[in-house]
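Presented below is the structure to which this report refers.
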Amino acid sequence: MVNQIKKVRKVVIPAAGYGTRFLPATKAQPKEMLPVVDKPIIQYVVEEAVEAGITQVILVTGSHKRAIEDHFDRNLELEARLEKDGKEKELAEIRRISDLADFVYVRQKEALGNGHALLVAKEVVGDEPVVMLWGDDFITANPSRTRQMIEAYEKYGTSILSAVRTKDPEDTKKYGYVGGKEVEDGVFEVSEFIEKPGPQKAPSDMAIVSGFLFTPDIFEALERAIPETIDRGKELYYVDGVNNLMKDGKKVHAVEIKNSTYYDCGSKVGYLKTVVDHGLSHPDTNGEFKKYLKGLKL
Ligand code: UTP
């Protein structure tokens with residue numbers, strides 16, 4: 001156990017991107033609000049964080065993302081209507097969403113990259129460790145991805161990257177991969193981190209997807225990457241900050257998320273797979289939906 005471990009209380013969820021892979025659906029509505037059966041993607045993300053003990057949810061949004069703010073707020077008109085109609089189950093569910101956590105909204109005025117999205121939350125996060133989860137994908141796992149990251153952070157005291165193992169060569173064109181020493185089963189001390197390395201250059205089968213736990217020094221590491229990125233018209237990615245941490249000689253660990261399924265709903269096919277999987281397990285839909293799929297002549 002490392003000394004000076006601060007309790008992890010906050011999550012930053014960047015949700016200010018343009019979602020260009022999902023146009024035209026995302027022309028006027030946030031990608032993060034697309035439904036998986038009956039809940040928007042971003043609600044799965046928030047619920048995972050809250051279940052793991054997070055009490056403050058910092059949502060990074062933009063001018064075209066008002067629907068996200070409304071979703072996690074109260075809707076008194078709707079509540080009154082449900083109450084009048086005696087729809088108690090629906091009423092309880094609607095209220096539960098706004099009671100999930102202390103929600104804070106930070107605007108990213110321009111979509112300058114996922115690292116910049118984290119940086120705009122700097123003042124709200126302060127001198128604390130912080131989880132970062134994307135608003136447009138999620139991992140189901142037991143224990144949850146966030147719990148597994150917190151456990152690793154409490155053991156190593158370093159920034160943690162969540163990984164899934166994949167041998168699919170196509171994935172090497174979509175995700176970042178890490179290399180380094182495997183210090184225990186499924187935990188790597190990272191020595192290199194390559195974005196979309198391609199099948200020849202991937203240093204391992206550990207793909208970094210969607211979940212991170214950062215120590216507060218990530219903010220200064222990101223700021224230092226601005227001259228090479230934003231100032232030159234390029235996006236600032238979280239990877240730029242992680243690479244600066246490693247250049248400073250700080251340890252970073254990648255943790256394989258055990259018993260997990262990664263739902264990459266930010267892409268069209270990933271979204272369809274997510275909806276099918278959840279449609280097959282959701283109690284309101286599973287019976288009829290399974291019958292329908294079985295009857296399809298493919
Ligand atoms: P993505 O790269 O998946 O989202 O970022 P995107 O840029 O919206 O999507 P495409 O590639 O154009 O289809 C992962 C998460 O980070 C947020 C996105 O909203 C998404 O939830 N993000 C990305 C920001 O908040 N700000 C940015 O500048 C970029």
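Residue numbering restarts at 1 for every chain of the structure tokens, chains are lettered A, B, ... in their displayed order, and ligands are numbered from 1 as they appear.
Residues in contact with segment 285-294 of chain A at up to 9 Å, not including ones fewer than 5 positions away on its chain and judged by only C-alpha atoms, are Val37, Val276, His278, Gly279 and Leu280 of chain A.
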- Please provide the set of residues having any atom within 12 Å of Leu272 of chain A, restricted to only C-alpha atoms, with same-chain residues fewer than 5 positions apart removed, written as a ChimeraX atom specification. /A:22,34-37,263-267,277-279
- Message: Please return, as a ChimeraX atom specification, all residues of segment 185-217 of chain A that DSSP assigns to strand (DSSP E) on the basis of the backbone.
- Response: /A:187-195,206-214
Using only C-alpha atoms and all ligand atoms, what are the residues with an atom within 6 Å of ligand 1, set out as a PDB file with N, CA, C and O atoms, in the first residue's frame?
ATOM      1  N   PRO A  14     -15.800  13.479 -20.481  1.00  0.00           N
ATOM      2  CA  PRO A  14     -15.825  14.354 -21.654  1.00  0.00           C
ATOM      3  C   PRO A  14     -16.976  13.964 -22.577  1.00  0.00           C
ATOM      4  O   PRO A  14     -17.135  12.796 -22.932  1.00  0.00           O
ATOM      5  N   ALA A  15     -17.776  14.948 -22.931  1.00  0.00           N
ATOM      6  CA  ALA A  15     -18.919  14.681 -23.813  1.00  0.00           C
ATOM      7  C   ALA A  15     -19.147  15.879 -24.722  1.00  0.00           C
ATOM      8  O   ALA A  15     -20.284  16.237 -25.023  1.00  0.00           O
ATOM      9  N   ALA A  16     -18.062  16.495 -25.147  1.00  0.00           N
ATOM     10  CA  ALA A  16     -18.187  17.724 -25.948  1.00  0.00           C
ATOM     11  C   ALA A  16     -17.767  17.544 -27.400  1.00  0.00           C
ATOM     12  O   ALA A  16     -17.722  18.497 -28.153  1.00  0.00           O
ATOM     13  N   GLY A  17     -17.477  16.282 -27.782  1.00  0.00           N
ATOM     14  CA  GLY A  17     -17.030  16.029 -29.166  1.00  0.00           C
ATOM     15  C   GLY A  17     -18.176  16.165 -30.158  1.00  0.00           C
ATOM     16  O   GLY A  17     -19.352  16.235 -29.774  1.00  0.00           O
ATOM     17  N   TYR A  18     -17.839  16.168 -31.444  1.00  0.00           N
ATOM     18  CA  TYR A  18     -18.858  16.363 -32.479  1.00  0.00           C
ATOM     19  C   TYR A  18     -19.537  15.072 -32.931  1.00  0.00           C
ATOM     20  O   TYR A  18     -20.557  15.107 -33.618  1.00  0.00           O
ATOM     21  N   GLY A  19     -18.961  13.923 -32.579  1.00  0.00           N
ATOM     22  CA  GLY A  19     -19.574  12.655 -32.966  1.00  0.00           C
ATOM     23  C   GLY A  19     -19.720  12.512 -34.468  1.00  0.00           C
ATOM     24  O   GLY A  19     -20.748  12.069 -34.974  1.00  0.00           O
ATOM     25  N   THR A  20     -18.651  12.844 -35.187  1.00  0.00           N
ATOM     26  CA  THR A  20     -18.750  12.865 -36.665  1.00  0.00           C
ATOM     27  C   THR A  20     -18.957  11.468 -37.255  1.00  0.00           C
ATOM     28  O   THR A  20     -19.494  11.350 -38.346  1.00  0.00           O
ATOM     29  N   ARG A  21     -18.550  10.425 -36.492  1.00  0.00           N
ATOM     30  CA  ARG A  21     -18.749   9.073 -37.029  1.00  0.00           C
ATOM     31  C   ARG A  21     -20.222   8.680 -37.038  1.00  0.00           C
ATOM     32  O   ARG A  21     -20.594   7.666 -37.591  1.00  0.00           O
ATOM     33  N   PHE A  22     -21.048   9.481 -36.381  1.00  0.00           N
ATOM     34  CA  PHE A  22     -22.460   9.123 -36.237  1.00  0.00           C
ATOM     35  C   PHE A  22     -23.398  10.098 -36.930  1.00  0.00           C
ATOM     36  O   PHE A  22     -24.600  10.117 -36.650  1.00  0.00           O
ATOM     37  N   VAL A  60     -18.115  17.337 -19.089  1.00  0.00           N
ATOM     38  CA  VAL A  60     -17.565  18.347 -19.982  1.00  0.00           C
ATOM     39  C   VAL A  60     -18.456  18.377 -21.217  1.00  0.00           C
ATOM     40  O   VAL A  60     -18.550  17.390 -21.951  1.00  0.00           O
ATOM     41  N   ALA A 111     -13.951  22.044 -29.414  1.00  0.00           N
ATOM     42  CA  ALA A 111     -13.539  20.639 -29.282  1.00  0.00           C
ATOM     43  C   ALA A 111     -12.075  20.514 -29.716  1.00  0.00           C
ATOM     44  O   ALA A 111     -11.766  20.234 -30.870  1.00  0.00           O
ATOM     45  N   LEU A 112     -11.174  20.746 -28.761  1.00  0.00           N
ATOM     46  CA  LEU A 112      -9.738  20.768 -29.076  1.00  0.00           C
ATOM     47  C   LEU A 112      -9.047  19.465 -28.685  1.00  0.00           C
ATOM     48  O   LEU A 112      -7.832  19.433 -28.509  1.00  0.00           O
ATOM     49  N   GLY A 113      -9.844  18.402 -28.501  1.00  0.00           N
ATOM     50  CA  GLY A 113      -9.260  17.095 -28.217  1.00  0.00           C
ATOM     51  C   GLY A 113      -9.629  16.571 -26.836  1.00  0.00           C
ATOM     52  O   GLY A 113      -9.983  17.341 -25.939  1.00  0.00           O
ATOM     53  N   ASN A 114      -9.533  15.240 -26.681  1.00  0.00           N
ATOM     54  CA  ASN A 114      -9.982  14.638 -25.409  1.00  0.00           C
ATOM     55  C   ASN A 114      -9.078  15.014 -24.225  1.00  0.00           C
ATOM     56  O   ASN A 114      -9.528  15.003 -23.085  1.00  0.00           O
ATOM     57  N   ALA A 117     -10.271  18.361 -23.138  1.00  0.00           N
ATOM     58  CA  ALA A 117     -11.533  18.213 -22.398  1.00  0.00           C
ATOM     59  C   ALA A 117     -11.256  17.940 -20.915  1.00  0.00           C
ATOM     60  O   ALA A 117     -11.956  18.448 -20.037  1.00  0.00           O
ATOM     61  N   TRP A 134     -15.009   7.993 -20.944  1.00  0.00           N
ATOM     62  CA  TRP A 134     -15.643   8.608 -22.117  1.00  0.00           C
ATOM     63  C   TRP A 134     -17.161   8.566 -21.952  1.00  0.00           C
ATOM     64  O   TRP A 134     -17.705   7.646 -21.332  1.00  0.00           O
ATOM     65  N   GLY A 135     -17.795   9.571 -22.569  1.00  0.00           N
ATOM     66  CA  GLY A 135     -19.257   9.626 -22.468  1.00  0.00           C
ATOM     67  C   GLY A 135     -19.962   8.806 -23.524  1.00  0.00           C
ATOM     68  O   GLY A 135     -21.194   8.711 -23.526  1.00  0.00           O
ATOM     69  N   ASP A 136     -19.197   8.194 -24.442  1.00  0.00           N
ATOM     70  CA  ASP A 136     -19.855   7.518 -25.567  1.00  0.00           C
ATOM     71  C   ASP A 136     -19.495   6.041 -25.673  1.00  0.00           C
ATOM     72  O   ASP A 136     -19.708   5.427 -26.717  1.00  0.00           O
ATOM     73  N   GLY A 266     -19.445   4.386 -29.641  1.00  0.00           N
ATOM     74  CA  GLY A 266     -19.150   5.584 -30.420  1.00  0.00           C
ATOM     75  C   GLY A 266     -19.035   5.300 -31.915  1.00  0.00           C
ATOM     76  O   GLY A 266     -18.992   6.219 -32.717  1.00  0.00           O
TER      77      GLY A 266
END
- Task: Would you list, as an MDAnalysis selection string, the residues of segment 91-221 of chain A that end up in alpha helix (DSSP H) under DSSP run on this structure's backbone?
- Result: chainID A and resid 91:98 114:119 122:125 145:156 198:201 218:221
- Task: Would you kindly return, as an NGL selection string, each protein, DNA or RNA residue with an atom no farther than 10 Å from any atom of Asp248 of chain A, considering only C-alpha atoms and excluding same-chain residues fewer than 5 positions away?
- Result: :A and (221 or 242-243)
Selected residues written out, C-alpha atoms, as an mmCIF file, in the first residue's frame:
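After the write, out-v1.cif holds the following:
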data_model
loop_
_atom_site.group_PDB
_atom_site.id
_atom_site.type_symbol
_atom_site.label_atom_id
_atom_site.label_comp_id
_atom_site.auth_asym_id
_atom_site.auth_seq_id
_atom_site.Cartn_x
_atom_site.Cartn_y
_atom_site.Cartn_z
ATOM 1 C CA ALA A 221 1.693 17.248 -18.044
ATOM 2 C CA VAL A 242 0.495 10.381 -20.243
ATOM 3 C CA ASN A 243 3.629 10.424 -22.394
#
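Between Glu69 of chain A and the residues A:Thr158, A:Ser98, A:Ser281, A:Asn142, the shortest atom-to-atom distance, using only C-alpha atoms, involves A:Ser98.
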- Message: Report, in Å to a single decimal, how far apart atom CA of Gly115 of chain A and atom CA of Gln148 of chain A are.
- Response: 22.5 Å
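Close contacts of Tyr262 of chain A, defined as residues with an atom at most 8 Å away when counting only C-alpha atoms, with chain neighbours fewer than 3 positions off set aside, comprise A:Asp137, A:Phe138, A:Ile139, A:Thr140, A:Val164.
Distance-wise, atom CA of Val104 of chain A and atom CA of Ile58 of chain A end up 4.7 Å apart.
Distance-wise, atom CA of Lys173 of chain A and atom CA of Ile208 of chain A end up 12.3 Å apart.
Residue nearest Ala92 of chain A, chosen from A:Leu78, A:Leu298, A:Ile13, A:Val183 and counting only C-alpha atoms: A:Leu78.
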With segment 5-11 of chain A as the partner and 9 Å as the cut-off, tabulate the residues of segment 81-188 of chain A that qualify, each row holding the nearest pair of atoms and their distance in Å to one decimal, using only C-alpha atoms, sorted by chain and rising number, as CSV.
residue,atom,partner,partner_atom,distance
A:Val125,CA,A:Lys10,CA,7.1
A:Glu128,CA,A:Lys6,CA,6.8
A:Pro129,CA,A:Val8,CA,5.8
A:Val130,CA,A:Lys10,CA,5.3
A:Val131,CA,A:Val11,CA,4.5
A:Met132,CA,A:Val11,CA,5.5
A:Leu133,CA,A:Val11,CA,7.2
A:Ile150,CA,A:Val8,CA,7.3
A:Tyr153,CA,A:Ile5,CA,8.3
A:Glu154,CA,A:Ile5,CA,6.5
A:Gly157,CA,A:Ile5,CA,6.4
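Minimum atom-to-atom distance to Leu213 of chain A, evaluated using only C-alpha atoms, belongs to A:Arg147 out of A:Arg147, A:Arg95, A:Lys122, A:His116.
Nearest-residue note for Gly180 of chain A: choosing from A:Asp205, A:Glu47, A:Asp70, A:Glu151, the minimum distance belongs to A:Asp205, counting only C-alpha atoms.
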